[in-house]
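**Q** My structure is in target33.txt, and what it holds is compact mmCIF, C-alpha atoms:
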```txt
# COMPACT_ATOMS: atom_id res chain seq x y z
CA MET J 1 -41.06 3.52 -57.82
CA LYS J 2 -43.56 0.71 -57.35
CA ARG J 3 -46.55 1.43 -55.15
CA PHE J 4 -48.60 -1.13 -53.29
CA ASP J 5 -51.36 -2.55 -55.49
CA LEU J 6 -51.68 -6.15 -54.26
CA ARG J 7 -55.08 -7.54 -53.35
CA THR J 8 -54.73 -11.28 -52.93
CA ARG J 9 -52.38 -14.05 -51.87
CA GLU J 10 -51.99 -15.07 -55.49
CA GLU J 11 -50.86 -11.61 -56.55
CA LEU J 12 -48.40 -11.44 -53.65
CA SER J 13 -47.00 -14.90 -54.40
CA ALA J 14 -46.53 -14.03 -58.06
CA GLU J 15 -44.58 -10.87 -57.19
CA VAL J 16 -42.38 -12.70 -54.68
CA ALA J 17 -41.70 -15.48 -57.19
CA ARG J 18 -40.70 -12.92 -59.80
CA PHE J 19 -37.44 -12.21 -57.95
CA GLY J 20 -36.96 -15.69 -56.49
CA GLY J 21 -37.95 -14.84 -52.93
CA GLU J 22 -39.92 -16.68 -50.28
CA LEU J 23 -42.63 -15.41 -47.96
CA PRO J 24 -44.72 -17.78 -45.82
CA TRP J 25 -48.51 -17.49 -45.65
CA SER J 26 -51.20 -18.96 -43.41
CA ASP J 27 -54.93 -18.30 -43.55
CA ASP J 28 -55.25 -19.54 -39.97
CA LEU J 29 -54.56 -16.43 -37.89
CA ALA J 30 -55.17 -18.18 -34.57
CA VAL J 31 -51.43 -18.59 -34.01
CA LEU J 32 -51.14 -14.80 -33.66
CA GLY J 33 -53.39 -14.90 -30.61
CA GLU J 34 -51.40 -17.56 -28.81
CA PRO J 35 -49.75 -16.58 -25.52
CA VAL J 36 -45.95 -16.55 -25.52
CA ALA J 37 -43.74 -17.30 -22.51
CA VAL J 38 -40.78 -14.92 -22.27
CA ALA J 39 -38.29 -15.04 -19.40
CA GLY J 40 -40.80 -15.70 -16.66
CA ARG J 41 -43.57 -13.54 -18.09
CA ARG J 42 -46.55 -14.37 -20.26
CA LEU J 43 -47.40 -12.27 -23.29
CA ALA J 44 -51.11 -12.52 -24.06
CA ASN J 45 -50.52 -12.67 -27.83
CA ARG J 46 -47.76 -12.27 -30.40
CA PHE J 47 -48.21 -8.58 -31.23
CA VAL J 48 -45.63 -5.92 -30.38
CA VAL J 49 -45.86 -2.14 -30.77
CA GLN J 50 -42.41 -1.15 -31.98
CA PRO J 51 -40.71 1.99 -30.60
CA MET J 52 -41.81 5.02 -32.64
CA GLU J 53 -40.81 8.49 -31.51
CA GLY J 54 -43.54 11.06 -31.08
CA VAL J 55 -41.06 13.79 -30.06
CA ASP J 56 -43.78 15.40 -27.97
CA ALA J 57 -42.28 16.14 -24.56
CA CYS J 58 -44.07 19.06 -22.95
CA ASP J 59 -40.96 20.80 -21.59
CA ASP J 60 -37.18 21.03 -21.96
CA GLY J 61 -36.75 18.23 -19.43
CA GLY J 62 -38.26 15.54 -21.65
CA THR J 63 -41.48 15.16 -19.66
CA PRO J 64 -44.23 13.18 -21.45
CA GLY J 65 -46.91 15.51 -22.77
CA GLU J 66 -50.61 15.25 -23.56
CA LEU J 67 -50.00 13.59 -26.94
CA THR J 68 -47.60 11.12 -25.33
CA PHE J 69 -50.35 9.97 -22.97
CA ARG J 70 -52.87 9.83 -25.82
CA ARG J 71 -50.56 7.73 -27.97
CA TYR J 72 -49.82 5.08 -25.36
CA ARG J 73 -53.43 4.84 -24.22
CA ARG J 74 -54.37 4.12 -27.84
CA PHE J 75 -51.61 1.55 -28.22
CA ALA J 76 -52.69 -0.20 -25.03
CA ALA J 77 -56.36 -0.25 -25.96
CA GLY J 78 -55.44 -1.68 -29.36
CA GLY J 79 -54.66 -5.17 -28.11
CA SER J 80 -50.91 -5.68 -28.55
CA ALA J 81 -49.38 -7.68 -25.70
CA LEU J 82 -46.03 -5.85 -25.63
CA ILE J 83 -45.63 -2.09 -25.99
CA TRP J 84 -42.06 -1.00 -26.64
CA PHE J 85 -41.97 2.65 -25.59
CA GLU J 86 -40.05 5.05 -27.78
CA SER J 87 -36.51 6.28 -27.21
CA ALA J 88 -35.80 8.25 -24.06
CA ALA J 89 -32.43 9.99 -24.12
CA VAL J 90 -30.23 9.19 -21.13
CA VAL J 91 -28.42 12.56 -21.18
CA PRO J 92 -29.67 15.96 -22.39
CA GLU J 93 -26.95 16.27 -25.04
CA GLY J 94 -28.01 12.91 -26.50
CA ARG J 95 -31.46 14.07 -27.58
CA SER J 96 -32.43 14.02 -31.26
CA GLY J 97 -34.41 17.21 -30.71
CA PRO J 98 -35.62 19.51 -27.93
CA ARG J 99 -38.82 17.49 -27.45
CA GLN J 100 -37.35 14.01 -27.22
CA LEU J 101 -38.44 12.25 -24.06
CA MET J 102 -36.17 11.84 -21.03
CA LEU J 103 -36.78 10.01 -17.76
CA THR J 104 -35.28 12.01 -14.91
CA ASP J 105 -35.66 12.31 -11.16
CA GLN J 106 -37.63 15.50 -11.77
CA ASN J 107 -40.30 13.92 -13.99
CA LEU J 108 -40.38 10.38 -12.56
CA ASP J 109 -43.89 10.85 -11.16
CA VAL J 110 -45.22 11.82 -14.60
CA TRP J 111 -43.72 8.67 -16.07
CA ARG J 112 -45.33 6.61 -13.29
CA ARG J 113 -48.68 8.10 -14.24
CA LEU J 114 -48.04 7.35 -17.93
CA VAL J 115 -47.27 3.71 -17.11
CA ASP J 116 -50.36 3.43 -14.89
CA GLU J 117 -52.68 5.00 -17.48
CA THR J 118 -51.27 2.77 -20.22
CA ARG J 119 -51.97 -0.36 -18.19
CA ARG J 120 -55.43 0.90 -17.26
CA ALA J 121 -56.32 1.54 -20.91
CA ALA J 122 -55.44 -2.07 -21.77
CA ARG J 123 -57.54 -3.48 -18.94
CA GLU J 124 -60.54 -1.28 -19.73
CA GLN J 125 -60.62 -2.63 -23.30
CA GLY J 126 -60.39 -6.22 -22.15
CA CYS J 127 -56.78 -6.56 -23.35
CA GLY J 128 -55.46 -7.91 -20.05
CA ASP J 129 -52.04 -7.24 -18.61
CA VAL J 130 -49.81 -5.48 -21.12
CA VAL J 131 -46.01 -5.67 -20.87
CA LEU J 132 -44.15 -2.35 -21.13
CA LEU J 133 -40.53 -1.73 -22.13
CA LEU J 134 -38.74 1.62 -22.34
CA GLN J 135 -36.07 2.18 -24.98
CA LEU J 136 -32.98 4.09 -23.83
CA THR J 137 -30.78 5.96 -26.27
CA HIS J 138 -28.09 8.44 -27.13
CA SER J 139 -28.76 9.95 -30.56
CA GLY J 140 -25.08 10.18 -31.44
CA ARG J 141 -24.43 11.95 -34.73
CA TYR J 142 -28.16 12.74 -35.00
CA SER J 143 -28.14 14.77 -31.77
CA ARG J 144 -29.94 18.14 -31.91
CA PRO J 145 -30.71 18.87 -28.24
CA GLN J 146 -31.38 22.57 -28.90
CA GLY J 147 -32.76 22.06 -32.41
CA ARG J 148 -29.37 22.59 -34.06
CA PRO J 149 -26.94 19.85 -35.12
CA ALA J 150 -24.63 18.87 -32.25
CA PRO J 151 -23.31 15.45 -33.29
CA VAL J 152 -21.56 13.03 -30.97
CA THR J 153 -19.77 10.42 -33.05
CA ALA J 154 -17.93 7.17 -32.48
CA GLN J 155 -15.64 7.71 -35.46
CA ARG J 156 -15.37 9.54 -38.77
CA ASN J 157 -17.63 8.03 -41.45
CA PRO J 158 -17.40 9.43 -44.99
CA LEU J 159 -20.75 7.94 -46.05
CA LEU J 160 -22.68 9.50 -43.19
CA GLU J 161 -20.82 12.80 -43.44
CA ARG J 162 -21.71 13.08 -47.14
CA ALA J 163 -25.30 12.07 -46.47
CA MET J 164 -25.72 14.68 -43.71
CA PRO J 165 -23.76 17.75 -44.81
CA GLU J 166 -25.63 19.91 -42.30
CA MET J 167 -23.91 18.07 -39.45
CA PRO J 168 -20.55 19.56 -38.45
CA VAL J 169 -17.61 17.16 -38.35
CA THR J 170 -16.47 16.67 -34.77
CA GLU J 171 -13.85 14.67 -32.91
CA PRO J 172 -15.07 11.23 -31.82
CA VAL J 173 -16.40 10.93 -28.29
CA SER J 174 -13.70 9.97 -25.78
CA ASP J 175 -13.50 6.68 -23.90
CA ASP J 176 -13.87 8.56 -20.63
CA ALA J 177 -17.09 10.16 -21.86
CA LEU J 178 -18.37 6.72 -22.86
CA GLU J 179 -17.63 5.44 -19.36
CA ARG J 180 -19.77 8.24 -17.94
CA LEU J 181 -22.45 7.45 -20.49
CA ARG J 182 -22.57 3.85 -19.27
CA GLU J 183 -23.45 5.21 -15.85
CA ALA J 184 -26.22 7.36 -17.38
CA PHE J 185 -27.76 4.35 -19.14
CA VAL J 186 -27.82 2.41 -15.88
CA ALA J 187 -29.23 5.32 -13.89
CA THR J 188 -32.07 5.78 -16.39
CA ALA J 189 -32.77 2.04 -16.38
CA VAL J 190 -33.15 2.15 -12.60
CA ARG J 191 -35.59 5.05 -12.91
CA ALA J 192 -37.56 3.11 -15.52
CA GLU J 193 -37.92 0.22 -13.09
CA ARG J 194 -39.09 2.65 -10.39
CA ALA J 195 -41.61 4.12 -12.85
CA GLY J 196 -43.17 0.68 -13.28
CA PHE J 197 -41.76 -0.53 -16.59
CA ASP J 198 -41.27 -4.27 -17.00
CA GLY J 199 -37.93 -3.75 -18.70
CA VAL J 200 -35.60 -1.52 -20.68
CA ASP J 201 -33.92 -1.63 -24.06
CA MET J 202 -30.54 -0.41 -25.26
CA LYS J 203 -31.15 1.23 -28.65
CA ALA J 204 -28.42 -0.09 -30.92
CA VAL J 205 -29.84 0.55 -34.40
CA HIS J 206 -30.00 2.98 -37.30
CA GLY J 207 -26.67 4.76 -36.86
CA TYR J 208 -27.30 6.04 -33.34
CA LEU J 209 -24.32 6.11 -31.02
CA VAL J 210 -24.45 2.57 -29.61
CA ALA J 211 -24.95 1.15 -33.11
CA GLU J 212 -22.13 3.25 -34.54
CA LEU J 213 -19.75 1.88 -31.93
CA LEU J 214 -20.42 -1.64 -33.25
CA GLY J 215 -18.86 -0.63 -36.57
CA ALA J 216 -16.02 1.52 -35.18
CA HIS J 217 -13.24 -0.53 -36.82
CA GLY J 218 -10.87 2.43 -37.02
CA ARG J 219 -11.49 3.80 -33.54
CA GLU J 220 -8.63 3.62 -31.05
CA GLY J 221 -8.98 2.83 -27.36
CA ARG J 222 -11.26 0.59 -25.32
CA TYR J 223 -14.33 0.88 -27.56
CA GLY J 224 -13.02 0.43 -31.09
CA GLY J 225 -10.98 -1.80 -33.35
CA PRO J 226 -11.40 -5.55 -32.83
CA TYR J 227 -14.83 -7.14 -32.41
CA GLU J 228 -14.47 -7.58 -28.65
CA GLN J 229 -13.85 -3.85 -28.17
CA ARG J 230 -16.47 -2.62 -30.64
CA THR J 231 -19.15 -4.65 -28.84
CA ARG J 232 -17.85 -3.83 -25.36
CA PHE J 233 -20.05 -0.79 -24.70
CA LEU J 234 -23.33 -2.54 -25.46
CA LYS J 235 -22.46 -5.72 -23.57
CA ALA J 236 -21.06 -3.78 -20.60
CA CYS J 237 -24.22 -1.68 -20.35
CA VAL J 238 -26.40 -4.79 -20.50
CA SER J 239 -24.31 -6.40 -17.75
CA ASP J 240 -24.33 -3.24 -15.64
CA MET J 241 -28.11 -2.94 -15.94
CA ARG J 242 -28.58 -6.61 -15.17
CA GLN J 243 -26.65 -6.08 -11.92
CA ALA J 244 -28.56 -2.92 -10.99
CA LEU J 245 -32.10 -4.12 -11.70
CA ALA J 246 -34.36 -6.73 -10.16
CA ARG J 247 -34.05 -10.23 -11.58
CA THR J 248 -37.56 -9.98 -13.02
CA THR J 249 -36.88 -6.72 -14.90
CA TRP J 250 -35.96 -7.35 -18.52
CA VAL J 251 -32.86 -5.90 -20.16
CA ALA J 252 -33.26 -6.09 -23.93
CA SER J 253 -31.71 -4.52 -27.00
CA ARG J 254 -33.14 -3.33 -30.30
CA LEU J 255 -30.14 -4.45 -32.30
CA THR J 256 -28.94 -3.63 -35.79
CA VAL J 257 -27.62 -6.49 -37.89
CA LEU J 258 -26.57 -4.24 -40.78
CA GLU J 259 -25.11 -0.71 -40.74
CA PRO J 260 -24.31 -0.60 -44.46
CA SER J 261 -21.22 1.56 -44.84
CA ASP J 262 -18.20 0.56 -46.88
CA TYR J 263 -15.63 -1.26 -44.76
CA PRO J 264 -13.97 -0.24 -42.42
CA TYR J 265 -16.98 1.77 -41.25
CA GLY J 266 -19.97 -0.56 -41.25
CA TRP J 267 -21.41 -3.35 -39.13
CA GLY J 268 -22.63 -6.60 -40.58
CA VAL J 269 -20.52 -5.97 -43.70
CA ALA J 270 -17.73 -8.04 -45.19
CA ALA J 271 -14.23 -7.06 -44.03
CA ARG J 272 -12.88 -6.06 -47.42
CA GLU J 273 -12.34 -2.79 -49.21
CA GLY J 274 -14.84 -1.57 -51.77
CA ALA J 275 -18.62 -1.35 -51.88
CA TRP J 276 -20.21 -2.93 -48.83
CA GLN J 277 -21.50 -6.47 -48.92
CA PRO J 278 -23.57 -7.97 -46.09
CA ASP J 279 -21.92 -10.45 -43.74
CA LEU J 280 -23.94 -11.37 -40.64
CA ALA J 281 -21.18 -13.32 -38.88
CA GLU J 282 -20.47 -10.63 -36.27
CA PRO J 283 -24.11 -9.64 -35.62
CA LEU J 284 -25.10 -13.28 -35.15
CA ARG J 285 -22.16 -13.79 -32.81
CA LEU J 286 -23.27 -10.78 -30.77
CA ILE J 287 -26.84 -12.07 -30.62
CA GLY J 288 -25.57 -15.30 -29.11
CA GLU J 289 -23.51 -13.39 -26.56
CA LEU J 290 -26.45 -11.17 -25.60
CA THR J 291 -28.60 -14.25 -25.14
CA ALA J 292 -25.96 -15.59 -22.75
CA LEU J 293 -26.10 -12.28 -20.83
CA GLY J 294 -29.82 -12.80 -20.22
CA VAL J 295 -31.41 -10.73 -23.01
CA PRO J 296 -34.94 -12.23 -23.09
CA PHE J 297 -35.65 -11.81 -26.82
CA HIS J 298 -34.20 -10.14 -29.88
CA ASN J 299 -35.72 -7.26 -31.81
CA ILE J 300 -33.63 -6.51 -34.87
CA SER J 301 -33.44 -3.89 -37.57
CA MET J 302 -31.06 -2.78 -40.29
CA GLY J 303 -29.90 0.21 -42.29
CA TYR J 304 -29.94 3.98 -41.85
CA PRO J 305 -33.62 4.96 -42.19
CA ARG J 306 -32.82 8.62 -42.85
CA PHE J 307 -31.31 7.82 -46.22
CA GLN J 308 -31.70 4.03 -46.74
CA PRO J 309 -35.29 3.55 -45.54
CA TYR J 310 -35.95 0.82 -48.10
CA LEU J 311 -33.90 -1.59 -45.94
CA ASN J 312 -36.15 -1.52 -42.88
CA ARG J 313 -39.16 0.58 -43.88
CA PRO J 314 -40.26 -0.46 -47.39
CA HIS J 315 -42.48 2.36 -48.54
CA ASP J 316 -44.52 3.96 -51.31
CA ARG J 317 -43.20 7.46 -50.75
CA ALA J 318 -39.70 8.44 -49.69
CA LEU J 319 -38.57 11.09 -47.24
CA ALA J 320 -38.00 14.53 -48.72
CA GLY J 321 -34.60 14.67 -50.37
CA CYS J 322 -34.17 10.89 -50.50
CA PRO J 323 -33.82 9.28 -53.92
CA PRO J 324 -36.35 6.66 -54.94
CA PRO J 325 -35.45 3.24 -53.52
CA PRO J 326 -33.23 1.14 -55.77
CA GLU J 327 -35.56 -1.86 -55.48
CA ASP J 328 -39.16 -2.99 -55.31
CA PRO J 329 -40.44 -2.46 -51.74
CA LEU J 330 -41.46 -6.11 -51.63
CA ARG J 331 -37.80 -7.10 -51.91
CA GLY J 332 -37.17 -5.15 -48.72
CA VAL J 333 -40.01 -6.94 -46.96
CA VAL J 334 -38.69 -10.35 -48.02
CA ARG J 335 -35.05 -9.54 -47.19
CA PHE J 336 -36.00 -8.40 -43.71
CA GLN J 337 -37.96 -11.59 -43.00
CA GLU J 338 -35.16 -13.78 -44.34
CA THR J 339 -32.74 -11.96 -42.04
CA VAL J 340 -35.02 -12.46 -39.05
CA ARG J 341 -35.11 -16.18 -39.85
CA ALA J 342 -31.29 -16.28 -39.74
CA VAL J 343 -31.30 -14.42 -36.42
CA ARG J 344 -33.80 -16.83 -34.91
CA ARG J 345 -31.55 -19.75 -35.79
CA ALA J 346 -28.71 -18.08 -33.87
CA ALA J 347 -30.75 -16.80 -30.95
CA GLY J 348 -30.33 -19.76 -28.63
CA GLY J 349 -34.02 -20.49 -28.29
CA VAL J 350 -35.17 -17.06 -27.10
CA PRO J 351 -38.03 -15.38 -29.02
CA VAL J 352 -37.30 -13.13 -32.00
CA ILE J 353 -39.46 -10.20 -33.12
CA THR J 354 -39.94 -9.33 -36.77
CA ALA J 355 -40.88 -5.99 -38.36
CA ALA J 356 -41.05 -4.31 -41.81
CA LEU J 357 -44.51 -5.70 -42.61
CA SER J 358 -46.44 -2.41 -42.81
CA TRP J 359 -46.04 -2.15 -46.60
CA LEU J 360 -48.19 -5.29 -46.97
CA ARG J 361 -51.26 -3.54 -45.51
CA HIS J 362 -54.19 -5.99 -45.22
CA LEU J 363 -51.99 -8.88 -46.40
CA ALA J 364 -49.72 -8.56 -43.36
CA PRO J 365 -51.75 -10.78 -40.96
CA PRO J 366 -51.64 -14.00 -43.02
CA VAL J 367 -47.98 -13.38 -43.83
CA ALA J 368 -47.31 -12.85 -40.11
CA ALA J 369 -49.15 -16.06 -39.27
CA GLY J 370 -47.11 -17.89 -41.89
CA LEU J 371 -43.85 -16.52 -40.49
CA VAL J 372 -44.73 -17.82 -37.03
CA ARG J 373 -45.99 -21.20 -38.23
CA GLU J 374 -42.90 -21.76 -40.38
CA GLY J 375 -40.58 -20.85 -37.50
CA TRP J 376 -39.15 -17.65 -38.98
CA CYS J 377 -40.05 -15.54 -35.92
CA ASP J 378 -42.01 -15.62 -32.67
CA LEU J 379 -43.46 -12.12 -32.28
CA ILE J 380 -44.88 -9.62 -34.78
CA GLY J 381 -43.85 -5.98 -34.48
CA PHE J 382 -45.61 -3.01 -36.04
CA GLY J 383 -44.13 0.50 -35.89
CA ARG J 384 -45.46 2.86 -38.55
CA SER J 385 -48.60 0.77 -38.68
CA ALA J 386 -49.13 1.27 -34.94
CA PHE J 387 -49.22 5.03 -35.49
CA ALA J 388 -51.83 4.62 -38.22
CA TYR J 389 -53.75 1.65 -36.87
CA PRO J 390 -53.23 1.26 -33.11
CA ASP J 391 -56.10 -1.23 -32.79
CA ALA J 392 -54.86 -3.57 -35.52
CA ALA J 393 -54.20 -6.40 -33.05
CA ASN J 394 -57.80 -6.30 -31.84
CA ASP J 395 -59.14 -6.30 -35.40
CA ILE J 396 -56.94 -9.25 -36.36
CA LEU J 397 -57.68 -11.30 -33.25
CA ARG J 398 -61.37 -10.43 -32.90
CA GLY J 399 -62.37 -9.64 -36.47
CA GLY J 400 -60.15 -11.91 -38.53
CA GLY J 401 -58.04 -9.35 -40.33
CA MET J 402 -57.03 -5.76 -40.96
CA VAL J 403 -59.38 -3.18 -42.46
CA SER J 404 -57.80 -1.75 -45.62
CA GLY J 405 -59.08 1.74 -44.91
CA LYS J 406 -57.31 1.84 -41.54
CA CYS J 407 -53.91 0.56 -42.70
CA CYS J 408 -50.65 2.51 -42.87
CA VAL J 409 -50.04 3.67 -46.45
CA THR J 410 -46.23 3.90 -45.98
CA CYS J 411 -46.17 7.56 -47.00
CA SER J 412 -43.16 8.33 -44.71
CA MET J 413 -44.80 11.46 -43.32
CA CYS J 414 -44.51 10.26 -39.70
CA SER J 415 -40.77 9.78 -40.27
CA GLN J 416 -40.58 13.16 -42.00
CA ILE J 417 -41.95 14.87 -38.89
CA MET J 418 -39.16 13.38 -36.82
CA LYS J 419 -36.49 14.23 -39.38
CA ASP J 420 -37.68 17.84 -39.60
CA ALA J 421 -37.42 17.97 -35.77
CA VAL J 422 -40.14 20.61 -35.40
CA GLY J 423 -43.56 18.93 -35.20
CA ARG J 424 -44.84 16.12 -33.01
CA GLY J 425 -45.02 12.67 -34.57
CA GLY J 426 -47.97 10.51 -35.55
CA CYS J 427 -49.99 9.39 -38.56
CA VAL J 428 -50.71 12.30 -40.89
CA VAL J 429 -53.19 10.26 -42.97
CA ARG J 430 -55.25 8.29 -40.43
CA ASP J 431 -54.99 10.80 -37.57
CA SER J 432 -54.92 13.92 -39.69
CA ALA J 433 -56.79 16.27 -37.37
CA VAL J 434 -53.94 15.99 -34.88
CA TYR J 435 -50.87 15.38 -37.02
CA ALA J 436 -51.39 17.05 -40.40
CA PRO J 437 -50.72 20.49 -38.83
CA GLU J 438 -47.59 19.07 -37.16
CA TYR J 439 -46.35 17.78 -40.51
CA ARG J 440 -46.99 21.13 -42.22
CA ARG J 441 -45.12 23.00 -39.48
CA GLY J 442 -42.07 20.82 -39.97
CA ARG J 443 -42.10 21.11 -43.74
CA GLU J 444 -42.41 24.89 -43.57
CA ALA J 445 -39.51 25.10 -41.12
CA ALA J 446 -37.41 22.91 -43.41
CA ARG J 447 -38.19 25.15 -46.39
CA GLN J 448 -37.18 28.24 -44.42
CA THR J 449 -33.93 26.59 -43.35
CA MET J 450 -33.12 25.64 -46.93
CA ALA J 451 -33.89 29.15 -48.16
CA ALA J 452 -31.61 30.65 -45.50
CA ARG J 453 -28.74 28.40 -46.60
CA GLU J 454 -29.13 29.55 -50.19
CA LEU J 455 -28.80 33.24 -49.28
```
Please express what this file holds, its structure, as structure tokens.
**A**
Amino acid sequence: MKRFDLRTREELSAEVARFGGELPWSDDLAVLGEPVAVAGRRLANRFVVQPMEGVDACDDGGTPGELTFRRYRRFAAGGSALIWFESAAVVPEGRSGPRQLMLTDQNLDVWRRLVDETRRAAREQGCGDVVLLLQLTHSGRYSRPQGRPAPVTAQRNPLLERAMPEMPVTEPVSDDALERLREAFVATAVRAERAGFDGVDMKAVHGYLVAELLGAHGREGRYGGPYEQRTRFLKACVSDMRQALARTTWVASRLTVLEPSDYPYGWGVAAREGAWQPDLAEPLRLIGELTALGVPFHNISMGYPRFQPYLNRPHDRALAGCPPPPEDPLRGVVRFQETVRAVRRAAGGVPVITAALSWLRHLAPPVAAGLVREGWCDLIGFGRSAFAYPDAANDILRGGGMVSGKCCVTCSMCSQIMKDAVGRGGCVVRDSAVYAPEYRRGREAARQTMAAREL
């Protein structure tokens, strides 16, 4: 597979031209430091820390631990105007692992302290008032609340069942259980507001439960079948939260525009039998409807990162067990940006966040500036890169660019930690004293599990 070896704009342009793509560029990075008005609030600049799970709760109740506090203090001191906190499960059985965060009545005071310390870290570094969102989730078929697979599915899906043979096949979650889950999402959103967050996010990406419901063509009942029923859960939760929260509290959604399974199982795919082909008609329709419900901006993604990471995380090194990507990583970067441009056209004038730029390393800032200047997006999100380089925004805005030796190298080891569900997540390369041991623990546990299966 191709590894990153680009040094200049000319080399990047030549590679993009080789496959007929397009990627804007601007040497004037000042646009990235412009304030952005979003639904009555003012973001100090265009940088967003995307939600990246550290899976480092300090107890079985999902309470933020020492590394959680460290991570968000570093994000806040790094200069990004919007910090999108990682997934917090809304019910214990919806956790991706025993150390996934949860926001409960029992640990609300700890979350308040985390929010306060995050804001203080931004102010102490001269970064001003940072805006904080909390992502809410149910892990669906990825659920491992006790460390063992305990999937909760929207429907049968042959692609996902083949890709994850360790997950037992279970009956789809009932409509009544989904009704109760709606209540859990709203209750957690109310706690987030009480903890001091500026808003919440419904996680509807990457094959997790809310995203899987969007593609539940074969599901019977209130939450499957026709478009209106497949999108009902997400829209109902957004509406319920909007009613329960203060007018100034944001209700957003990290939304998938492509769950690439062969029809009738995927989302954002053409409604015809055979190998999946992308068709954004339904996702773009949903984006318009969410805008009408008051969603203040759109933060999109695509694909199943556990076994199709090339779609949203172009990389130099794949997760263990994943085949090499079927394409040049740069194609993934370009496709993602072209998709964001299509979303922005359908978004009804609200801001749109892009992502998938980490593979570009030091070339990401001028590409990001070009994307904004050409009207492809409004805000620039970094996920993996934020783990590796939490102060990238400060370096770009104050120093004129990113330092190559601090950039994410897209090695996938932070994602591997989460997939192994043993260690705590962060950058194994740039923060190795803390996270290299966590990575090794997870890999050793995975080897032991594999050996036990072979006995």
**Q** CA of Gln50 (chain J) and CA of Gly383 (chain J) are how many Å apart?
**A**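 CA of Gln50 (chain J) sits 4.6 Å away from CA of Gly383 (chain J).
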**Q** When you count all atoms listed in the file, which of these residues is closest to Met450 (chain J): J:Asp5, J:Asp420, J:Glu438, J:Glu11?
**A**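 Residue with the minimum atom-to-atom distance to Met450 (chain J): J:Asp420.
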**Q** For Pro149 (chain J), which residue among J:Ala177, J:Gly97, J:Arg230, J:Arg119 is the nearest when counting all atoms listed in the file?
**A**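 Of the candidates, the smallest distance to Pro149 (chain J) is held by J:Gly97.
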**Q** Within 9 Å of Thr170 (chain J), counting all atoms listed in the file, which residues qualify if same-chain residues fewer than 4 places away don't, as a list in words?
**A**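 With the cut-off at 9 Å, the set is Ala150, Pro151, Val152, Thr153 and Arg156 of chain J.
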**Q** What is the distance, in Å and to one decimal place, between CA of Val257 (chain J) and CA of Leu43 (chain J)?
**A**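 That distance, rounded to one decimal, is 25.3 Å.
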**Q** Fewer than 2 positions away in the same chain doesn't count, so skip those; otherwise give me all residues within 12 Å of Pro305 (chain J), counting only C-alpha atoms, as a ChimeraX atom specification.
**A** /J:142,160,163,205-208,256,258-260,301-303,307-315,318-319,322,325,356,412,415-416,418-419
**Q** May I have the protein, DNA and RNA residues with any atom at most 12 Å from the point (-44.7, -4.7, -57.8), counting only C-alpha atoms, written as a list of chain:residue names?
**A**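 Result, sorted by chain then residue number: J:Met1, J:Lys2, J:Arg3, J:Phe4, J:Asp5, J:Leu6, J:Arg7, J:Glu11, J:Leu12, J:Ser13, J:Ala14, J:Glu15, J:Val16, J:Ala17, J:Arg18, J:Phe19, J:His315, J:Asp316, J:Glu327, J:Asp328, J:Pro329, J:Leu330, J:Arg331, J:Gly332, J:Trp359, J:Leu360.
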**Q** Measuring atom to atom with all atoms listed in the file, identify which of J:Lys203, J:Arg112, J:Thr339, J:Glu212 is nearest to Arg141 (chain J).
**A**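 Result for the nearest residue to Arg141 (chain J): J:Glu212.
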**Q** Which residue, J:Pro365, J:Gly33, J:Pro51, J:Gly294, has the smallest gap to Gln243 (chain J) when you use all atoms listed in the file?
**A**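 Closest candidate: J:Gly294.
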**Q** Grab the CA of Gly196 (chain J) to CA of Ala392 (chain J) distance for me, in Å with one decimal place.
**A**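 Going from CA of Gly196 (chain J) over to CA of Ala392 (chain J) covers 25.5 Å.
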**Q** Show me, as an mmCIF file with C-alpha atoms, keeping the file's coordinate frame, the residues that have an atom within 10 Å of Arg9 (chain J) when counting only C-alpha atoms, minus same-chain residues fewer than 5 positions from it.
**A**
```
data_model
loop_
_atom_site.group_PDB
_atom_site.id
_atom_site.type_symbol
_atom_site.label_atom_id
_atom_site.label_comp_id
_atom_site.auth_asym_id
_atom_site.auth_seq_id
_atom_site.Cartn_x
_atom_site.Cartn_y
_atom_site.Cartn_z
ATOM 1 C CA ALA J 14 -46.530 -14.030 -58.060
ATOM 2 C CA GLU J 15 -44.580 -10.870 -57.190
ATOM 3 C CA TRP J 25 -48.510 -17.490 -45.650
ATOM 4 C CA SER J 26 -51.200 -18.960 -43.410
ATOM 5 C CA ASP J 27 -54.930 -18.300 -43.550
ATOM 6 C CA LEU J 363 -51.990 -8.880 -46.400
ATOM 7 C CA PRO J 366 -51.640 -14.000 -43.020
ATOM 8 C CA VAL J 367 -47.980 -13.380 -43.830
#
```
**Q** Need the shell around Pro390 (chain J): protein/DNA/RNA residues with any atom at most 7 Å away, counting only C-alpha atoms. Skip same-chain ones fewer than 6 positions apart. Format as a list in words?
**A**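 Here the qualifying residues turn out to be Arg74, Phe75 and Gly78 of chain J.
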**Q** Please determine, counting all atoms listed in the file, which residue among J:Ala76, J:Val403, J:Ala192, J:Ala347 has the shortest atom-to-atom distance to His362 (chain J).
**A**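 The shortest atom-to-atom distance to His362 (chain J) comes from J:Val403.
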**Q** Calculated over only C-alpha atoms, which of the candidates J:Ala236, J:Ala211, J:Ala252, J:Leu108 has the smallest distance to Trp267 (chain J)?
**A** J:Ala211
**Q** Is there a way to get, as a PyMOL selection string, all residues within 10 Å of the point (-19.0, -4.2, -27.5) in file coordinates, counting all atoms listed in the file?
**A** chain J and resi 210-211+213-215+222-224+226-237+286
